[in-house]
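A.B. asks: One structure follows; several queries about it will come next.
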Amino acid sequence: MKEINTCLVCGSSKSEAFLSCKDYTVSQTEFVIRKCSDCGFKFTSPRPQDTDLGNYYKAEDYISHSDTKKGLVNKAYHWVRSYTLIKKLQLVMQHTRQKNGKILDYGAGTGAFLNTCKTNKWEAIGIEPDEVARKVMADKFGISSFSSLQEAQQNPSFSNFDCISAWHVLEHVPDLKETINTLKCVLKEKGIFIVAVPNPESHDAKHYKKHWAAYDVPRHLWHFAPKDMEALMKEQGFSLIKTLPMVFDSFYVSMLSEKYKTGSNKLVAAFWRGLVSNIKANKTGKEFSSQIYVFRKN
């Protein structure tokens, strides 16, 4: 196991145990989430060594790497995804002010978003470490991808992106600052970087506590409150343009959280909790279950 002794956001070496959460997806092991004593940023520590993290994604129903529609939760996820894909592309076009261009999806999964971009005349390139997901992307959508940033950098065409997207990805990345800096270098001047991450300051996170599905230890290494994400990206040379909610996430996360907490699919309770979470978040605009951050390269 690997201990994290320095806060990613403020650099402090002081932290305290915040919560102990179970990995319900793969190992059934407990992991500790720590909280920086100075800025409050939360992170998983100790955690598996970077070379071992891939083993914690080896589950048949791990949705980010699977196109399975077995079970109610998976069906709900895919139904929502089909609706939100075009919304994501509209967001890209709105902030790049372009109907088409060149886009990189970092952590592309099975390529559904890139396919939406490609269908709408964008030059779509993906990075995805999971071999099975890359094969689905190639076979189903005809989209080639790179397995890592290091591999991508060997290709001369890997540059001058109008937009880079990372949908629920940055919380998974071990060497996050180095990764963001590398991505910034292949983004055009004033280019757009769109990030989506779960929000541990949301009502559903505070309600479910250790059972909150979006803690997803140990796959989620970092747990970003809005102030943490803005501070990190500002340090890396980006300006925040806009923050938007992912309103469906509160329902999906609550469905999983209810199952983790009670052992059964309590759909009515989950729907109610997701609704309450969104209503409360509407008052501040910063407490949605997951949030989208639109940054511009300085």
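Following the order of the structure tokens, first chain is A, next is B, and so on, with residues numbered from 1 inside each chain and ligands from 1 in the order they appear.
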What residues in segment 101-140 of chain A get the DSSP label strand (DSSP E)? Please answer as a ChimeraX atom specification.
C.D. replies: /A:102-106,123-127
A.B. asks: Could you dump the residues just selected with N, CA and C atoms as a PDB file, in the first residue's frame?
C.D. replies:
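The new file out-v3.pdb reads:
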ATOM      1  N   LYS A 102     -11.002  19.910 -32.988  1.00  0.00           N
ATOM      2  CA  LYS A 102     -10.203  18.762 -32.563  1.00  0.00           C
ATOM      3  C   LYS A 102     -10.356  18.589 -31.070  1.00  0.00           C
ATOM      4  N   ILE A 103     -10.795  17.404 -30.644  1.00  0.00           N
ATOM      5  CA  ILE A 103     -11.071  17.162 -29.236  1.00  0.00           C
ATOM      6  C   ILE A 103     -10.370  15.901 -28.744  1.00  0.00           C
ATOM      7  N   LEU A 104      -9.867  15.974 -27.534  1.00  0.00           N
ATOM      8  CA  LEU A 104      -9.277  14.823 -26.847  1.00  0.00           C
ATOM      9  C   LEU A 104     -10.149  14.484 -25.648  1.00  0.00           C
ATOM     10  N   ASP A 105     -10.564  13.233 -25.554  1.00  0.00           N
ATOM     11  CA  ASP A 105     -11.280  12.772 -24.365  1.00  0.00           C
ATOM     12  C   ASP A 105     -10.317  11.921 -23.549  1.00  0.00           C
ATOM     13  N   TYR A 106      -9.930  12.447 -22.399  1.00  0.00           N
ATOM     14  CA  TYR A 106      -8.967  11.754 -21.544  1.00  0.00           C
ATOM     15  C   TYR A 106      -9.733  10.837 -20.593  1.00  0.00           C
ATOM     16  N   GLU A 123     -12.794  16.035 -35.038  1.00  0.00           N
ATOM     17  CA  GLU A 123     -11.681  15.086 -35.037  1.00  0.00           C
ATOM     18  C   GLU A 123     -11.525  14.596 -33.608  1.00  0.00           C
ATOM     19  N   ALA A 124     -11.850  13.342 -33.376  1.00  0.00           N
ATOM     20  CA  ALA A 124     -11.981  12.807 -32.017  1.00  0.00           C
ATOM     21  C   ALA A 124     -10.865  11.819 -31.705  1.00  0.00           C
ATOM     22  N   ILE A 125     -10.130  12.097 -30.634  1.00  0.00           N
ATOM     23  CA  ILE A 125      -9.023  11.248 -30.199  1.00  0.00           C
ATOM     24  C   ILE A 125      -9.222  10.913 -28.726  1.00  0.00           C
ATOM     25  N   GLY A 126      -8.924   9.678 -28.367  1.00  0.00           N
ATOM     26  CA  GLY A 126      -9.118   9.253 -26.990  1.00  0.00           C
ATOM     27  C   GLY A 126      -7.869   8.679 -26.346  1.00  0.00           C
ATOM     28  N   ILE A 127      -7.814   8.779 -25.040  1.00  0.00           N
ATOM     29  CA  ILE A 127      -6.819   8.069 -24.234  1.00  0.00           C
ATOM     30  C   ILE A 127      -7.595   7.215 -23.241  1.00  0.00           C
TER      31      ILE A 127
END
A.B. asks: Would you mind reading off the distance between atom CA of Lys209 of chain A and atom CA of Pro174 of chain A, one decimal, in Å?
C.D. replies: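 Atom-to-atom, atom CA of Lys209 of chain A and atom CA of Pro174 of chain A are spaced 23.7 Å apart.
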A.B. asks: Report, in Å to a single decimal, how far apart atom CA of Phe113 of chain A and atom CA of Val253 of chain A are.
C.D. replies: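 It comes out at 20.4 Å.
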A.B. asks: What are the nearest atom pairs, with distances in Å to one decimal, for all residues of segment 84-200 of chain A that come at most 10 Å from segment 246-249 of chain A, using only C-alpha atoms, set out by chain and rising residue number as a Markdown table?
C.D. replies:
| residue | atom | partner | partner_atom | distance |
| --- | --- | --- | --- | --- |
| A:Thr84 | CA | A:Phe248 | CA | 9.2 |
| A:Ala196 | CA | A:Met246 | CA | 8.4 |
| A:Val197 | CA | A:Met246 | CA | 9.5 |
| A:Pro198 | CA | A:Asp249 | CA | 8.6 |
A.B. asks: Could those selected residues go to a file with N, CA and C atoms, as an mmCIF file, in the first residue's frame?
C.D. replies:
data_model
loop_
_atom_site.group_PDB
_atom_site.id
_atom_site.type_symbol
_atom_site.label_atom_id
_atom_site.label_comp_id
_atom_site.auth_asym_id
_atom_site.auth_seq_id
_atom_site.Cartn_x
_atom_site.Cartn_y
_atom_site.Cartn_z
ATOM 1 N N THR A 84 -27.381 12.574 -22.202
ATOM 2 C CA THR A 84 -26.386 13.580 -21.827
ATOM 3 C C THR A 84 -25.241 13.709 -22.834
ATOM 4 N N ALA A 196 -15.318 16.887 -15.154
ATOM 5 C CA ALA A 196 -16.453 16.499 -14.306
ATOM 6 C C ALA A 196 -15.950 15.567 -13.213
ATOM 7 N N VAL A 197 -16.314 15.880 -11.967
ATOM 8 C CA VAL A 197 -15.913 15.055 -10.824
ATOM 9 C C VAL A 197 -17.048 15.006 -9.802
ATOM 10 N N PRO A 198 -17.084 13.958 -8.979
ATOM 11 C CA PRO A 198 -18.051 13.922 -7.877
ATOM 12 C C PRO A 198 -17.744 15.008 -6.856
#
A.B. asks: If you run DSSP on the backbone here, which positions in segment 49-293 of chain A get helix (DSSP H, G or I)? Please write them as a short mmCIF file (atom, residue, chain, number, x, y, z; two decimals) with C-alpha atoms, in the first residue's frame.
C.D. replies:
data_model
loop_
_atom_site.label_atom_id
_atom_site.label_comp_id
_atom_site.auth_asym_id
_atom_site.auth_seq_id
_atom_site.Cartn_x
_atom_site.Cartn_y
_atom_site.Cartn_z
CA ASP A 50 0.01 2.73 -8.82
CA THR A 51 0.99 -0.47 -10.61
CA ASP A 52 -1.71 -2.40 -8.72
CA LEU A 53 -4.63 0.01 -9.24
CA GLY A 54 -5.71 -1.74 -12.44
CA ASN A 55 -6.73 -4.79 -10.43
CA TYR A 56 -9.48 -2.76 -8.75
CA TYR A 57 -11.22 -2.15 -12.10
CA ILE A 63 -19.81 0.58 -15.78
CA SER A 64 -17.10 2.96 -16.97
CA HIS A 65 -15.36 0.08 -18.78
CA LEU A 72 -31.76 -1.83 -13.33
CA VAL A 73 -28.83 0.38 -12.30
CA ASN A 74 -26.92 -0.32 -15.53
CA LYS A 75 -30.04 0.27 -17.65
CA ALA A 76 -30.69 3.58 -15.90
CA TYR A 77 -27.07 4.61 -16.40
CA HIS A 78 -27.15 3.94 -20.14
CA TRP A 79 -30.52 5.63 -20.61
CA VAL A 80 -29.24 8.80 -18.96
CA ARG A 81 -25.95 8.61 -20.86
CA SER A 82 -27.71 8.56 -24.23
CA TYR A 83 -29.42 11.83 -23.30
CA THR A 84 -26.39 13.58 -21.83
CA LEU A 85 -23.92 12.79 -24.62
CA ILE A 86 -25.33 15.42 -26.96
CA LYS A 87 -25.55 17.89 -24.06
CA LYS A 88 -21.85 17.41 -23.46
CA LEU A 89 -21.05 18.13 -27.11
CA GLN A 90 -23.25 21.23 -27.01
CA LEU A 91 -21.23 22.41 -24.01
CA VAL A 92 -18.01 21.89 -25.97
CA MET A 93 -19.33 23.85 -28.95
CA GLN A 94 -20.67 26.64 -26.76
CA HIS A 95 -17.35 27.32 -25.04
CA THR A 96 -15.00 26.69 -27.96
CA ALA A 112 -19.55 6.85 -26.50
CA PHE A 113 -18.78 10.56 -26.13
CA LEU A 114 -16.07 10.50 -28.79
CA ASN A 115 -18.49 8.81 -31.15
CA THR A 116 -20.96 11.65 -30.61
CA CYS A 117 -18.19 14.10 -31.43
CA LYS A 118 -17.07 12.14 -34.48
CA THR A 119 -20.64 11.91 -35.80
CA GLU A 131 -7.57 -2.65 -23.11
CA VAL A 132 -11.12 -4.06 -23.19
CA ALA A 133 -12.64 -0.58 -23.35
CA ARG A 134 -10.29 0.43 -26.18
CA LYS A 135 -11.30 -2.66 -28.15
CA VAL A 136 -14.99 -1.79 -27.75
CA MET A 137 -14.20 1.76 -28.92
CA ALA A 138 -12.42 0.48 -32.01
CA ASP A 139 -14.84 -2.32 -32.90
CA LYS A 140 -18.10 -0.50 -32.19
CA PHE A 141 -17.26 3.07 -33.23
CA LEU A 149 -0.33 9.94 -22.38
CA GLN A 150 3.18 8.63 -22.87
CA GLU A 151 2.12 6.62 -25.92
CA ALA A 152 0.08 9.51 -27.31
CA LEU A 170 -9.28 13.10 -12.76
CA GLU A 171 -10.29 11.53 -9.45
CA HIS A 172 -8.69 8.30 -10.74
CA LEU A 176 -2.52 14.28 -11.35
CA LYS A 177 -0.53 17.53 -11.47
CA GLU A 178 1.92 16.09 -14.00
CA THR A 179 -0.98 14.80 -16.09
CA ILE A 180 -2.80 18.15 -16.11
CA ASN A 181 0.41 19.95 -17.08
CA THR A 182 1.02 17.53 -19.97
CA LEU A 183 -2.55 17.96 -21.20
CA LYS A 184 -2.20 21.74 -20.99
CA CYS A 185 0.81 21.57 -23.31
CA HIS A 203 -26.18 16.65 0.28
CA ASP A 204 -26.21 13.00 -0.80
CA ALA A 205 -22.54 12.62 0.20
CA LYS A 206 -23.26 14.05 3.64
CA HIS A 207 -26.37 11.88 3.99
CA TYR A 208 -24.84 8.53 2.99
CA LYS A 209 -21.41 9.20 4.55
CA LYS A 210 -19.29 6.00 4.30
CA HIS A 211 -21.87 4.39 2.00
CA ALA A 213 -21.09 5.39 -3.83
CA ALA A 214 -19.09 8.24 -5.39
CA TYR A 215 -16.28 7.81 -2.86
CA PRO A 226 -15.55 22.87 -5.74
CA LYS A 227 -12.93 25.08 -4.06
CA ASP A 228 -10.35 22.28 -4.37
CA MET A 229 -10.89 21.84 -8.10
CA GLU A 230 -10.71 25.57 -8.76
CA ALA A 231 -7.55 25.98 -6.67
CA LEU A 232 -5.78 23.03 -8.31
CA MET A 233 -6.56 24.16 -11.85
CA LYS A 234 -5.67 27.78 -11.12
CA GLU A 235 -2.24 26.63 -9.95
CA ASP A 249 -25.82 11.88 -10.93
CA SER A 250 -27.55 12.41 -7.60
CA PHE A 251 -30.19 9.82 -8.55
CA TYR A 252 -27.72 7.28 -9.92
CA VAL A 253 -25.31 7.68 -6.99
CA SER A 254 -28.19 7.47 -4.51
CA MET A 255 -29.36 4.22 -6.13
CA LEU A 256 -25.96 2.65 -5.58
CA SER A 257 -25.59 4.19 -2.12
CA GLU A 258 -28.91 2.78 -0.95
CA LYS A 259 -27.82 -0.64 -2.13
CA TYR A 260 -24.48 -0.33 -0.31
CA LYS A 261 -26.21 0.88 2.85
CA THR A 262 -29.18 -1.50 2.99
CA LEU A 267 -35.61 2.96 -5.61
CA VAL A 268 -38.16 5.25 -3.99
CA ALA A 269 -35.77 6.20 -1.20
CA ALA A 270 -32.96 6.73 -3.70
CA PHE A 271 -35.11 8.89 -5.97
CA TRP A 272 -36.22 11.00 -3.03
CA ARG A 273 -32.67 11.46 -1.77
CA GLY A 274 -31.45 12.42 -5.23
CA LEU A 275 -34.27 14.94 -5.58
CA VAL A 276 -33.60 16.47 -2.16
CA SER A 277 -29.90 16.72 -3.01
CA ASN A 278 -30.62 18.64 -6.21
CA ILE A 279 -33.12 20.95 -4.52
CA LYS A 280 -30.64 21.83 -1.78
CA ALA A 281 -27.84 22.31 -4.30
CA ASN A 282 -29.95 24.73 -6.35
CA LYS A 283 -29.74 27.21 -3.49
CA THR A 284 -25.95 27.54 -3.72
#
